[in-house]
$ cat data-v3.txt   # compact mmCIF, C-alpha atoms
# COMPACT_ATOMS: atom_id res chain seq x y z
CA MET A 1 11.46 -8.54 -10.07
CA THR A 2 10.39 -9.18 -6.50
CA ASP A 3 11.90 -8.46 -3.15
CA GLU A 4 13.69 -11.51 -1.82
CA GLN A 5 12.96 -10.79 1.84
CA GLY A 6 9.55 -11.53 3.34
CA ILE A 7 7.49 -8.95 5.24
CA LEU A 8 6.10 -9.23 8.78
CA PHE A 9 2.40 -8.25 8.86
CA ILE A 10 0.79 -7.61 12.23
CA LEU A 11 -3.00 -7.69 12.52
CA SER A 12 -4.30 -6.17 15.72
CA GLY A 13 -7.25 -4.26 17.12
CA PRO A 14 -9.52 -4.07 20.17
CA SER A 15 -10.90 -7.26 21.63
CA GLY A 16 -14.24 -8.16 20.13
CA VAL A 17 -13.39 -6.69 16.74
CA GLY A 18 -13.03 -10.09 15.08
CA LYS A 19 -9.29 -10.50 14.56
CA GLY A 20 -9.40 -14.29 14.82
CA THR A 21 -12.22 -14.66 12.28
CA VAL A 22 -10.46 -12.42 9.77
CA ARG A 23 -7.16 -14.26 10.24
CA LYS A 24 -8.81 -17.66 9.70
CA GLU A 25 -10.53 -16.50 6.52
CA LEU A 26 -7.28 -14.97 5.26
CA PHE A 27 -5.45 -18.27 5.78
CA ASN A 28 -8.24 -20.13 4.00
CA GLN A 29 -7.37 -18.06 0.92
CA ILE A 30 -3.65 -17.36 0.96
CA THR A 31 -1.17 -20.19 1.16
CA ASP A 32 2.26 -18.57 0.98
CA LEU A 33 1.80 -16.56 4.17
CA LYS A 34 3.35 -18.15 7.27
CA TYR A 35 1.57 -17.83 10.56
CA SER A 36 3.85 -16.73 13.36
CA ILE A 37 4.28 -19.56 15.85
CA SER A 38 4.19 -18.48 19.48
CA MET A 39 6.43 -19.64 22.29
CA THR A 40 4.99 -20.71 25.62
CA THR A 41 5.90 -22.16 29.00
CA ARG A 42 2.58 -23.93 29.42
CA ASP A 43 2.50 -27.72 29.21
CA ARG A 44 2.19 -29.36 25.85
CA ARG A 45 -1.27 -30.90 25.44
CA THR A 46 -1.96 -34.25 23.80
CA GLY A 47 -1.78 -33.92 20.04
CA GLU A 48 0.12 -30.64 20.05
CA ILE A 49 3.42 -30.57 18.20
CA ASN A 50 6.48 -28.54 19.16
CA GLY A 51 7.25 -26.05 16.39
CA VAL A 52 3.75 -26.35 14.94
CA ASP A 53 1.29 -25.38 17.65
CA TYR A 54 3.82 -23.65 19.86
CA PHE A 55 7.47 -23.67 20.69
CA TYR A 56 7.53 -25.14 24.22
CA LYS A 57 10.08 -23.82 26.68
CA THR A 58 10.73 -24.00 30.40
CA LYS A 59 10.17 -20.88 32.45
CA GLN A 60 13.93 -20.55 32.83
CA GLU A 61 14.57 -20.83 29.11
CA PHE A 62 11.83 -18.29 28.39
CA GLU A 63 13.19 -15.78 30.90
CA HIS A 64 16.65 -16.21 29.44
CA LEU A 65 15.25 -15.36 25.98
CA ILE A 66 13.48 -12.30 27.40
CA GLU A 67 16.79 -11.07 28.80
CA GLN A 68 18.46 -11.53 25.43
CA ASN A 69 15.69 -9.56 23.67
CA GLN A 70 14.79 -12.69 21.71
CA LEU A 71 11.05 -12.07 21.93
CA LEU A 72 9.28 -9.52 19.75
CA GLU A 73 6.60 -9.39 22.46
CA TYR A 74 5.51 -11.46 25.41
CA ALA A 75 2.96 -11.54 28.22
CA GLN A 76 2.09 -13.65 31.23
CA TYR A 77 -1.30 -15.36 31.65
CA VAL A 78 -2.15 -17.67 34.53
CA ASN A 79 1.51 -18.11 35.51
CA ASN A 80 2.61 -18.98 32.00
CA TYR A 81 4.54 -16.94 29.46
CA TYR A 82 3.39 -16.54 25.88
CA GLY A 83 5.43 -14.67 23.29
CA THR A 84 6.62 -14.25 19.72
CA PRO A 85 10.14 -15.57 19.15
CA ARG A 86 12.29 -13.23 17.08
CA ALA A 87 14.40 -16.03 15.61
CA TYR A 88 11.50 -17.86 13.96
CA VAL A 89 10.19 -14.62 12.44
CA GLU A 90 13.58 -13.50 11.15
CA GLU A 91 14.49 -16.89 9.68
CA THR A 92 11.15 -17.19 7.93
CA LEU A 93 11.45 -13.66 6.48
CA ALA A 94 15.01 -14.36 5.36
CA ALA A 95 13.75 -17.45 3.52
CA GLY A 96 11.50 -15.11 1.51
CA HIS A 97 8.19 -15.85 3.23
CA ASP A 98 5.82 -13.29 4.66
CA VAL A 99 4.95 -13.83 8.32
CA PHE A 100 1.53 -12.99 9.74
CA LEU A 101 0.94 -12.22 13.38
CA GLU A 102 -2.51 -11.74 14.92
CA ILE A 103 -2.24 -10.16 18.32
CA GLU A 104 -3.75 -7.90 20.98
CA VAL A 105 -2.99 -4.17 20.88
CA GLN A 106 -0.54 -4.22 23.82
CA GLY A 107 1.46 -7.00 22.15
CA ALA A 108 1.43 -5.21 18.80
CA LEU A 109 2.89 -2.11 20.43
CA GLN A 110 5.73 -4.23 21.84
CA VAL A 111 6.35 -5.68 18.37
CA LYS A 112 6.39 -2.16 16.95
CA GLU A 113 9.22 -1.28 19.35
CA ASN A 114 11.23 -4.42 18.61
CA PHE A 115 10.48 -4.73 14.91
CA PRO A 116 9.46 -1.33 13.51
CA GLU A 117 9.93 -2.51 9.90
CA GLY A 118 6.79 -4.65 10.26
CA VAL A 119 3.55 -3.58 8.57
CA PHE A 120 0.94 -2.83 11.23
CA ILE A 121 -2.74 -3.24 10.38
CA PHE A 122 -5.43 -2.08 12.79
CA LEU A 123 -8.77 -3.88 12.54
CA PHE A 124 -11.46 -1.34 13.32
CA PRO A 125 -15.03 -1.96 14.49
CA PRO A 126 -17.77 -0.71 12.15
CA SER A 127 -19.18 1.31 15.09
CA LEU A 128 -19.01 1.42 18.89
CA GLU A 129 -22.59 0.12 18.92
CA GLU A 130 -21.57 -2.91 16.86
CA LEU A 131 -18.52 -3.51 19.06
CA LYS A 132 -20.75 -3.43 22.13
CA ASN A 133 -23.11 -5.95 20.53
CA ARG A 134 -20.22 -8.27 19.74
CA ILE A 135 -18.87 -8.07 23.28
CA VAL A 136 -22.36 -8.70 24.71
CA ASP A 137 -22.93 -11.62 22.31
CA ARG A 138 -19.76 -13.31 23.49
CA GLY A 139 -21.04 -14.35 26.82
CA THR A 140 -22.77 -13.50 30.00
CA GLU A 141 -20.76 -10.47 31.02
CA SER A 142 -22.40 -7.92 33.29
CA THR A 143 -23.24 -4.40 32.09
CA ASP A 144 -20.30 -3.03 34.07
CA LEU A 145 -17.89 -5.46 32.47
CA VAL A 146 -19.21 -4.64 29.00
CA LEU A 147 -18.73 -0.91 29.67
CA ASN A 148 -15.24 -1.60 30.97
CA ARG A 149 -14.34 -3.52 27.87
CA LEU A 150 -15.80 -0.80 25.65
CA ASN A 151 -13.72 1.83 27.41
CA GLU A 152 -10.68 -0.38 27.02
CA ALA A 153 -11.49 -0.69 23.30
CA LYS A 154 -11.67 3.11 23.05
CA ASN A 155 -8.25 3.37 24.68
CA GLU A 156 -6.88 0.78 22.29
CA ILE A 157 -8.27 2.75 19.35
CA LYS A 158 -6.29 5.75 20.60
CA GLN A 159 -3.13 3.67 20.03
CA MET A 160 -3.90 3.61 16.33
CA ASN A 161 -1.18 6.16 15.62
CA ALA A 162 1.37 3.36 15.78
CA TYR A 163 -0.25 1.56 12.84
CA ASP A 164 0.27 1.83 9.10
CA TYR A 165 -3.17 0.78 7.88
CA VAL A 166 -6.73 0.69 9.17
CA VAL A 167 -9.25 -1.89 7.96
CA VAL A 168 -12.86 -1.68 9.06
CA ASN A 169 -14.27 -5.11 9.83
CA ASP A 170 -17.85 -4.61 8.68
CA GLN A 171 -17.78 -7.70 6.44
CA VAL A 172 -15.16 -10.41 6.93
CA ASP A 173 -14.65 -11.12 3.21
CA VAL A 174 -14.25 -7.42 2.41
CA ALA A 175 -11.77 -6.99 5.26
CA VAL A 176 -9.79 -9.99 3.99
CA THR A 177 -9.68 -8.58 0.43
CA LYS A 178 -8.38 -5.30 1.83
CA ILE A 179 -5.66 -7.06 3.82
CA GLN A 180 -4.65 -8.95 0.67
CA SER A 181 -4.33 -5.61 -1.14
CA ILE A 182 -2.08 -4.34 1.62
CA ILE A 183 0.09 -7.46 1.41
CA GLN A 184 0.40 -7.19 -2.36
CA SER A 185 1.04 -3.44 -2.49
CA GLU A 186 3.64 -3.55 0.29
CA HIS A 187 5.68 -5.86 -1.94
CA LEU A 188 5.48 -3.25 -4.71
CA LYS A 189 7.00 -0.46 -2.64
CA ARG A 190 9.96 1.04 -4.42
CA GLU A 191 12.31 1.01 -1.46
CA ARG A 192 11.83 -2.75 -1.02
CA ILE A 193 13.05 -3.60 -4.51
CA GLU A 194 15.80 -1.08 -4.98
CA GLN A 195 18.41 -3.83 -5.03
CA GLN A 196 16.70 -5.57 -7.95
CA TYR A 197 16.46 -2.56 -10.16
CA LYS A 198 20.06 -1.67 -9.51
CA LYS A 199 20.97 -5.12 -10.87
CA PHE A 200 18.73 -4.44 -13.86
CA LEU A 201 20.63 -1.24 -14.65
CA GLU A 202 23.94 -3.08 -14.61
CA ASP A 203 22.74 -5.36 -17.42
CA GLU A 204 24.38 -4.85 -20.77
CA ILE A 205 22.26 -3.61 -23.62
CA SER A 206 22.72 -6.32 -26.20
CA MET B 1 -15.13 4.76 7.45
CA THR B 2 -13.43 6.07 4.32
CA ASP B 3 -11.33 9.09 3.57
CA GLU B 4 -13.44 11.80 2.00
CA GLN B 5 -10.68 13.19 -0.19
CA GLY B 6 -9.64 11.46 -3.42
CA ILE B 7 -6.04 10.47 -4.21
CA LEU B 8 -3.98 11.43 -7.26
CA PHE B 9 -2.28 8.36 -8.78
CA ILE B 10 0.47 8.91 -11.33
CA LEU B 11 1.45 6.05 -13.65
CA SER B 12 4.73 6.61 -15.41
CA GLY B 13 7.72 4.76 -16.78
CA PRO B 14 10.09 4.69 -19.75
CA SER B 15 8.69 4.92 -23.25
CA GLY B 16 7.94 1.51 -24.72
CA VAL B 17 7.03 0.01 -21.34
CA GLY B 18 3.29 -0.12 -22.12
CA LYS B 19 1.80 2.66 -19.96
CA GLY B 20 -1.08 3.33 -22.38
CA THR B 21 -2.09 -0.34 -22.61
CA VAL B 22 -2.09 -0.75 -18.83
CA ARG B 23 -4.08 2.47 -18.36
CA LYS B 24 -6.72 1.38 -20.92
CA GLU B 25 -7.12 -2.02 -19.27
CA LEU B 26 -7.38 -0.39 -15.84
CA PHE B 27 -10.16 1.90 -17.05
CA ASN B 28 -11.96 -1.07 -18.59
CA GLN B 29 -12.18 -2.47 -15.07
CA ILE B 30 -12.48 0.42 -12.61
CA THR B 31 -15.24 2.96 -12.98
CA ASP B 32 -14.83 5.36 -10.07
CA LEU B 33 -11.37 6.50 -11.08
CA LYS B 34 -11.33 9.80 -13.02
CA TYR B 35 -8.83 10.20 -15.80
CA SER B 36 -6.94 13.48 -15.59
CA ILE B 37 -7.97 15.71 -18.50
CA SER B 38 -5.08 17.57 -20.12
CA MET B 39 -5.00 21.17 -21.22
CA THR B 40 -3.66 22.09 -24.66
CA THR B 41 -3.19 25.01 -27.02
CA ARG B 42 -3.59 22.89 -30.13
CA ASP B 43 -6.72 23.31 -32.22
CA ARG B 44 -9.79 21.38 -31.30
CA ARG B 45 -10.45 18.62 -33.86
CA THR B 46 -13.87 17.65 -35.18
CA GLY B 47 -15.73 15.58 -32.64
CA GLU B 48 -13.52 16.58 -29.70
CA ILE B 49 -15.28 18.14 -26.71
CA ASN B 50 -13.85 20.82 -24.44
CA GLY B 51 -13.54 19.44 -20.88
CA VAL B 52 -13.77 15.85 -22.13
CA ASP B 53 -10.93 15.29 -24.59
CA TYR B 54 -8.93 18.32 -23.52
CA PHE B 55 -9.33 21.73 -22.01
CA TYR B 56 -8.60 24.04 -24.97
CA LYS B 57 -6.79 27.30 -24.27
CA THR B 58 -5.02 30.00 -26.26
CA LYS B 59 -1.26 30.25 -26.01
CA GLN B 60 -1.66 33.42 -23.97
CA GLU B 61 -4.09 31.82 -21.52
CA PHE B 62 -1.81 28.81 -21.15
CA GLU B 63 1.25 30.94 -20.44
CA HIS B 64 -0.71 32.93 -17.91
CA LEU B 65 -1.61 29.67 -16.12
CA ILE B 66 2.05 28.59 -16.18
CA GLU B 67 3.02 31.86 -14.48
CA GLN B 68 0.40 31.31 -11.80
CA ASN B 69 1.65 27.76 -11.14
CA GLN B 70 -1.71 26.42 -12.26
CA LEU B 71 -0.21 23.44 -14.11
CA LEU B 72 1.06 20.36 -12.30
CA GLU B 73 3.29 19.74 -15.32
CA TYR B 74 3.51 20.91 -18.90
CA ALA B 75 5.59 20.50 -22.02
CA GLN B 76 5.75 21.89 -25.53
CA TYR B 77 5.47 19.68 -28.62
CA VAL B 78 5.41 21.06 -32.18
CA ASN B 79 4.68 24.61 -31.02
CA ASN B 80 1.78 23.60 -28.80
CA TYR B 81 1.56 23.36 -25.03
CA TYR B 82 0.19 20.30 -23.27
CA GLY B 83 -0.22 20.14 -19.51
CA THR B 84 -2.13 18.96 -16.46
CA PRO B 85 -4.32 21.69 -14.94
CA ARG B 86 -4.08 21.83 -11.17
CA ALA B 87 -7.66 23.12 -10.74
CA TYR B 88 -9.34 20.12 -12.39
CA VAL B 89 -7.27 17.69 -10.34
CA GLU B 90 -7.87 19.49 -7.04
CA GLU B 91 -11.62 19.92 -7.61
CA THR B 92 -12.02 16.26 -8.56
CA LEU B 93 -10.07 15.11 -5.50
CA ALA B 94 -12.09 17.44 -3.26
CA ALA B 95 -15.28 15.85 -4.64
CA GLY B 96 -13.97 12.52 -3.30
CA HIS B 97 -12.83 10.96 -6.59
CA ASP B 98 -9.43 9.50 -7.28
CA VAL B 99 -7.65 10.99 -10.28
CA PHE B 100 -5.39 8.94 -12.53
CA LEU B 101 -2.62 10.44 -14.60
CA GLU B 102 -0.57 8.49 -17.16
CA ILE B 103 2.49 10.42 -18.14
CA GLU B 104 6.12 10.39 -19.30
CA VAL B 105 8.86 10.32 -16.65
CA GLN B 106 9.85 13.98 -17.09
CA GLY B 107 6.24 15.08 -16.60
CA ALA B 108 5.85 12.84 -13.56
CA LEU B 109 8.88 14.45 -11.94
CA GLN B 110 7.28 17.88 -12.46
CA VAL B 111 4.05 16.60 -10.85
CA LYS B 112 6.10 15.26 -7.94
CA GLU B 113 7.46 18.76 -7.32
CA ASN B 114 4.06 20.44 -7.57
CA PHE B 115 1.94 17.76 -5.94
CA PRO B 116 4.15 15.58 -3.71
CA GLU B 117 1.09 14.06 -1.97
CA GLY B 118 0.34 12.10 -5.15
CA VAL B 119 1.04 8.36 -5.29
CA PHE B 120 3.72 7.68 -7.89
CA ILE B 121 3.79 4.31 -9.65
CA PHE B 122 6.65 3.35 -11.92
CA LEU B 123 5.88 0.83 -14.65
CA PHE B 124 8.97 -1.27 -15.13
CA PRO B 125 9.95 -3.36 -18.16
CA PRO B 126 10.33 -7.12 -17.54
CA SER B 127 13.86 -6.88 -18.95
CA LEU B 128 16.00 -4.58 -21.06
CA GLU B 129 15.83 -7.21 -23.81
CA GLU B 130 12.03 -7.08 -23.74
CA LEU B 131 12.03 -3.27 -23.72
CA LYS B 132 14.32 -3.31 -26.75
CA ASN B 133 11.97 -5.69 -28.55
CA ARG B 134 9.00 -3.47 -27.81
CA ILE B 135 10.79 -0.38 -29.10
CA VAL B 136 11.88 -2.25 -32.25
CA ASP B 137 8.35 -3.61 -32.79
CA ARG B 138 6.89 -0.12 -32.67
CA GLY B 139 8.19 0.96 -36.02
CA THR B 140 11.01 1.31 -38.42
CA GLU B 141 13.55 3.00 -36.18
CA SER B 142 17.22 2.56 -37.01
CA THR B 143 19.56 0.62 -34.73
CA ASP B 144 21.09 3.87 -33.51
CA LEU B 145 17.71 5.29 -32.58
CA VAL B 146 16.76 2.11 -30.77
CA LEU B 147 20.01 2.25 -28.77
CA ASN B 148 19.37 5.92 -28.00
CA ARG B 149 15.89 5.17 -26.74
CA LEU B 150 17.19 2.29 -24.66
CA ASN B 151 19.80 4.52 -23.05
CA GLU B 152 17.10 7.09 -22.40
CA ALA B 153 15.00 4.37 -20.79
CA LYS B 154 17.94 3.45 -18.56
CA ASN B 155 18.25 7.08 -17.50
CA GLU B 156 14.53 7.23 -16.77
CA ILE B 157 14.81 4.10 -14.65
CA LYS B 158 17.43 5.92 -12.59
CA GLN B 159 14.72 8.46 -11.71
CA MET B 160 12.79 5.71 -9.95
CA ASN B 161 13.82 7.06 -6.53
CA ALA B 162 11.07 9.66 -6.84
CA TYR B 163 8.40 6.95 -6.99
CA ASP B 164 6.41 5.15 -4.30
CA TYR B 165 5.72 1.86 -6.07
CA VAL B 166 7.20 -0.22 -8.85
CA VAL B 167 5.06 -2.52 -10.98
CA VAL B 168 6.69 -4.80 -13.52
CA ASN B 169 4.70 -4.94 -16.76
CA ASP B 170 5.30 -8.54 -17.74
CA GLN B 171 1.57 -9.29 -18.16
CA VAL B 172 -0.93 -6.47 -18.55
CA ASP B 173 -3.67 -8.08 -16.45
CA VAL B 174 -1.25 -8.85 -13.60
CA ALA B 175 0.10 -5.28 -13.70
CA VAL B 176 -3.48 -3.93 -13.58
CA THR B 177 -4.33 -6.12 -10.57
CA LYS B 178 -1.25 -4.80 -8.79
CA ILE B 179 -2.19 -1.19 -9.51
CA GLN B 180 -5.68 -1.89 -8.15
CA SER B 181 -4.08 -3.23 -4.95
CA ILE B 182 -2.08 -0.04 -4.63
CA ILE B 183 -5.20 2.09 -5.12
CA GLN B 184 -7.14 0.11 -2.51
CA SER B 185 -4.38 -0.05 0.08
CA GLU B 186 -3.53 3.65 -0.22
CA HIS B 187 -7.09 4.37 0.92
CA LEU B 188 -6.47 2.18 3.97
CA LYS B 189 -3.46 4.16 5.17
CA ARG B 190 -3.95 5.26 8.74
CA GLU B 191 -2.87 8.85 8.24
CA ARG B 192 -5.52 9.33 5.52
CA ILE B 193 -8.42 8.42 7.80
CA GLU B 194 -7.29 9.95 11.07
CA GLN B 195 -10.14 12.47 10.96
CA GLN B 196 -12.73 9.70 10.75
CA TYR B 197 -11.48 7.72 13.70
CA LYS B 198 -11.27 10.84 15.81
CA LYS B 199 -14.99 11.36 15.14
CA PHE B 200 -15.57 7.74 16.11
CA LEU B 201 -13.90 8.26 19.48
CA GLU B 202 -16.14 11.23 20.22
CA ASP B 203 -19.21 9.01 19.94
CA GLU B 204 -21.04 8.35 23.16
CA ILE B 205 -21.14 4.82 24.46
CA SER B 206 -24.83 4.12 24.72
$ encode --input "data-v3.txt" --output "structure tokens"
Amino acid sequence: MTDEQGILFILSGPSGVGKGTVRKELFNQITDLKYSISMTTRDRRTGEINGVDYFYKTKQEFEHLIEQNQLLEYAQYVNNYYGTPRAYVEETLAAGHDVFLEIEVQGALQVKENFPEGVFIFLFPPSLEELKNRIVDRGTESTDLVLNRLNEAKNEIKQMNAYDYVVVNDQVDVAVTKIQSIIQSEHLKRERIEQQYKKFLEDEIS
Amino acid sequence: MTDEQGILFILSGPSGVGKGTVRKELFNQITDLKYSISMTTRDRRTGEINGVDYFYKTKQEFEHLIEQNQLLEYAQYVNNYYGTPRAYVEETLAAGHDVFLEIEVQGALQVKENFPEGVFIFLFPPSLEELKNRIVDRGTESTDLVLNRLNEAKNEIKQMNAYDYVVVNDQVDVAVTKIQSIIQSEHLKRERIEQQYKKFLEDEIS
């Protein structure tokens, strides 16, 4: 007895917390999770494949999809749109696959509005000190910029109320194990499999 | 960051589904889960220890506790009371330990009324056919009795709406892994650790 519909899992958290690393390690271990493919208006680079790396659209096409509420979230960077197409997510879920989306906090909050039935996981820094170290390690940002980004992280942490689960990223492998537990237990929720047990009850006792 | 309070997990399901086997295997693997100790009015047998095997009480003491709503559930069998004392559960949870209770469906529904913040797991038979085989294998019950118990099981399955999770017991080790996922992910729920992240936000950025 399993639910036939897949589940959309959203991994988010402040920048510098290590979302990308956790997502990569998760995909090294789980194979039946589908990574959400983004849509973009930026040019396709050599070697990139439409429908694998991104769905490539013109600006006009993209804006048309925005108007039709066909994006679970989107943003603009350097004159290009990037977003999560609703159709791909819904079709993949309907085919019984879980979809996994790793995304910034602002994007996750948009997804929450457009797809509240998703399971929202907040990746949390072990401490503010550690988050500061990670931001500093990343590059050559000035003290002011580091403080700005830390304050931004604090504001993002205040958005945590929109999330279902919180996973502290102190060790990547531990965080991945916890996310796997969330994925497994979400499939065991009673309300997801109500249809199946109703079928069970209709069976004849032989 | 962890929640400081333990969680009460209730494993239940129709008779014959294998609750005891799953519970034993779970306790072979997890050590920091505390098994809920029952209270009884039956005589203490040689070798049994008060507060380990059971809490032993007189009939009068037990009935006094019932009046004071000090039992999460109770039932009478062969002139003796058996029940789950609220105080032991609450003290163990307050000390930061999870408590695990394996119980019949009727008892679980009483616990649900008295302690709705518990996490209720329904152990589900792989099929009615399999459940029938298990009931038949148990002993020398007549065909009528087997059919009665199967109908009772069907009625108990209809109570599943009161539960949070459903785990199919097709293989004991798989069922145990699923229950472990539930235990882990419940501790990751955002609302359980809200206090901790509020403390985090009060930290100074150094």
$ closest_residue --input "data-v3.txt" --among "A:Gly51, A:Ile183, A:Val166, A:Glu91" --to "Leu123 in chain A" --atoms "all atoms listed in the file"
A:Val166
$ residues_near_point --input "data-v3.txt" --point "(10.7, -5.2, 24.5)" --cutoff "10 Å" --atoms "only C-alpha atoms" --output "ChimeraX atom specification"
/A:66-67,69-74,107,109-115
$ atom_distance --input "data-v3.txt" --atom1 "CA of Thr58 in chain B" --atom2 "CA of Arg86 in chain B"
17.2 Å
$ interface_residues --input "data-v3.txt" --of "chain A" --to "chain B" --cutoff "6 Å" --atoms "only C-alpha atoms" --output "list in words"
Asp164, Tyr165, Val166, Ser181, Ile182, Ser185, Leu188, Lys189 and Arg190 of chain A
$ residues_around --input "data-v3.txt" --residues "Asp98 in chain B" --least-positions-apart "3" --cutoff "12 Å" --atoms "only C-alpha atoms" --output "tab-separated table (two decimals) with C-alpha atoms, in the coordinates of the input"
chain	number	residue	atom	x	y	z
B	3	ASP	CA	-11.33	9.09	3.57
B	4	GLU	CA	-13.44	11.80	2.00
B	5	GLN	CA	-10.68	13.19	-0.19
B	6	GLY	CA	-9.64	11.46	-3.42
B	7	ILE	CA	-6.04	10.47	-4.21
B	8	LEU	CA	-3.98	11.43	-7.26
B	9	PHE	CA	-2.28	8.36	-8.78
B	10	ILE	CA	0.47	8.91	-11.33
B	30	ILE	CA	-12.48	0.42	-12.61
B	31	THR	CA	-15.24	2.96	-12.98
B	32	ASP	CA	-14.83	5.36	-10.07
B	33	LEU	CA	-11.37	6.50	-11.08
B	34	LYS	CA	-11.33	9.80	-13.02
B	35	TYR	CA	-8.83	10.20	-15.80
B	36	SER	CA	-6.94	13.48	-15.59
B	88	TYR	CA	-9.34	20.12	-12.39
B	89	VAL	CA	-7.27	17.69	-10.34
B	90	GLU	CA	-7.87	19.49	-7.04
B	91	GLU	CA	-11.62	19.92	-7.61
B	92	THR	CA	-12.02	16.26	-8.56
B	93	LEU	CA	-10.07	15.11	-5.50
B	94	ALA	CA	-12.09	17.44	-3.26
B	95	ALA	CA	-15.28	15.85	-4.64
B	101	LEU	CA	-2.62	10.44	-14.60
B	118	GLY	CA	0.34	12.10	-5.15
B	119	VAL	CA	1.04	8.36	-5.29
B	183	ILE	CA	-5.20	2.09	-5.12
B	184	GLN	CA	-7.14	0.11	-2.51
B	186	GLU	CA	-3.53	3.65	-0.22
B	187	HIS	CA	-7.09	4.37	0.92
$ residues_near_point --input "data-v3.txt" --point "(-5.8, -8.0, -20.5)" --cutoff "9 Å" --atoms "all atoms listed in the file" --output "ChimeraX atom specification"
/B:21-22,25,171-174,176
$ atom_distance --input "data-v3.txt" --atom1 "CA of Tyr82 in chain A" --atom2 "CA of Glu48 in chain A"
15.6 Å
$ atom_distance --input "data-v3.txt" --atom1 "CA of Arg149 in chain A" --atom2 "CA of Asn80 in chain A"
23.3 Å
$ residues_around --input "data-v3.txt" --residues "Tyr54 in chain B" --least-positions-apart "4" --cutoff "9 Å" --atoms "all atoms listed in the file" --output "list in words"
Ile37, Ser38, Met39, Thr40, Arg44, Glu48, Ile49 and Asn50 of chain B
$ residues_around --input "data-v3.txt" --residues "Ser15 in chain B" --least-positions-apart "3" --cutoff "10 Å" --atoms "all atoms listed in the file" --output "list of chain:residue names"
B:Ser12, B:Gly18, B:Lys19, B:Gly20, B:Ile103, B:Glu104, B:Val105, B:Leu123, B:Pro125, B:Leu131, B:Arg134, B:Ile135, B:Arg149, B:Leu150, B:Glu152, B:Ala153, B:Glu156
$ axis_aligned_box --input "data-v3.txt" --around "range 152-157 of chain A" --padding-each-side "8 Å" --output "lines of an AutoDock Vina configuration file"
center_x = -9.3
center_y = 1.3
center_z = 23.2
size_x = 20.8
size_y = 20.1
size_z = 23.7
$ closest_residue --input "data-v3.txt" --among "B:Leu145, B:Leu26, B:Leu11, B:Ala87" --to "Phe55 in chain B" --atoms "only C-alpha atoms"
B:Ala87
$ closest_residue --input "data-v3.txt" --among "A:Asp43, A:Glu63, A:Asp53, A:Glu102" --to "Phe27 in chain A" --atoms "all atoms listed in the file"
A:Glu102
$ closest_residue --input "data-v3.txt" --among "B:Lys24, B:Gly16, B:Ala175, B:Gly83" --to "Thr41 in chain B" --atoms "all atoms listed in the file"
B:Gly83
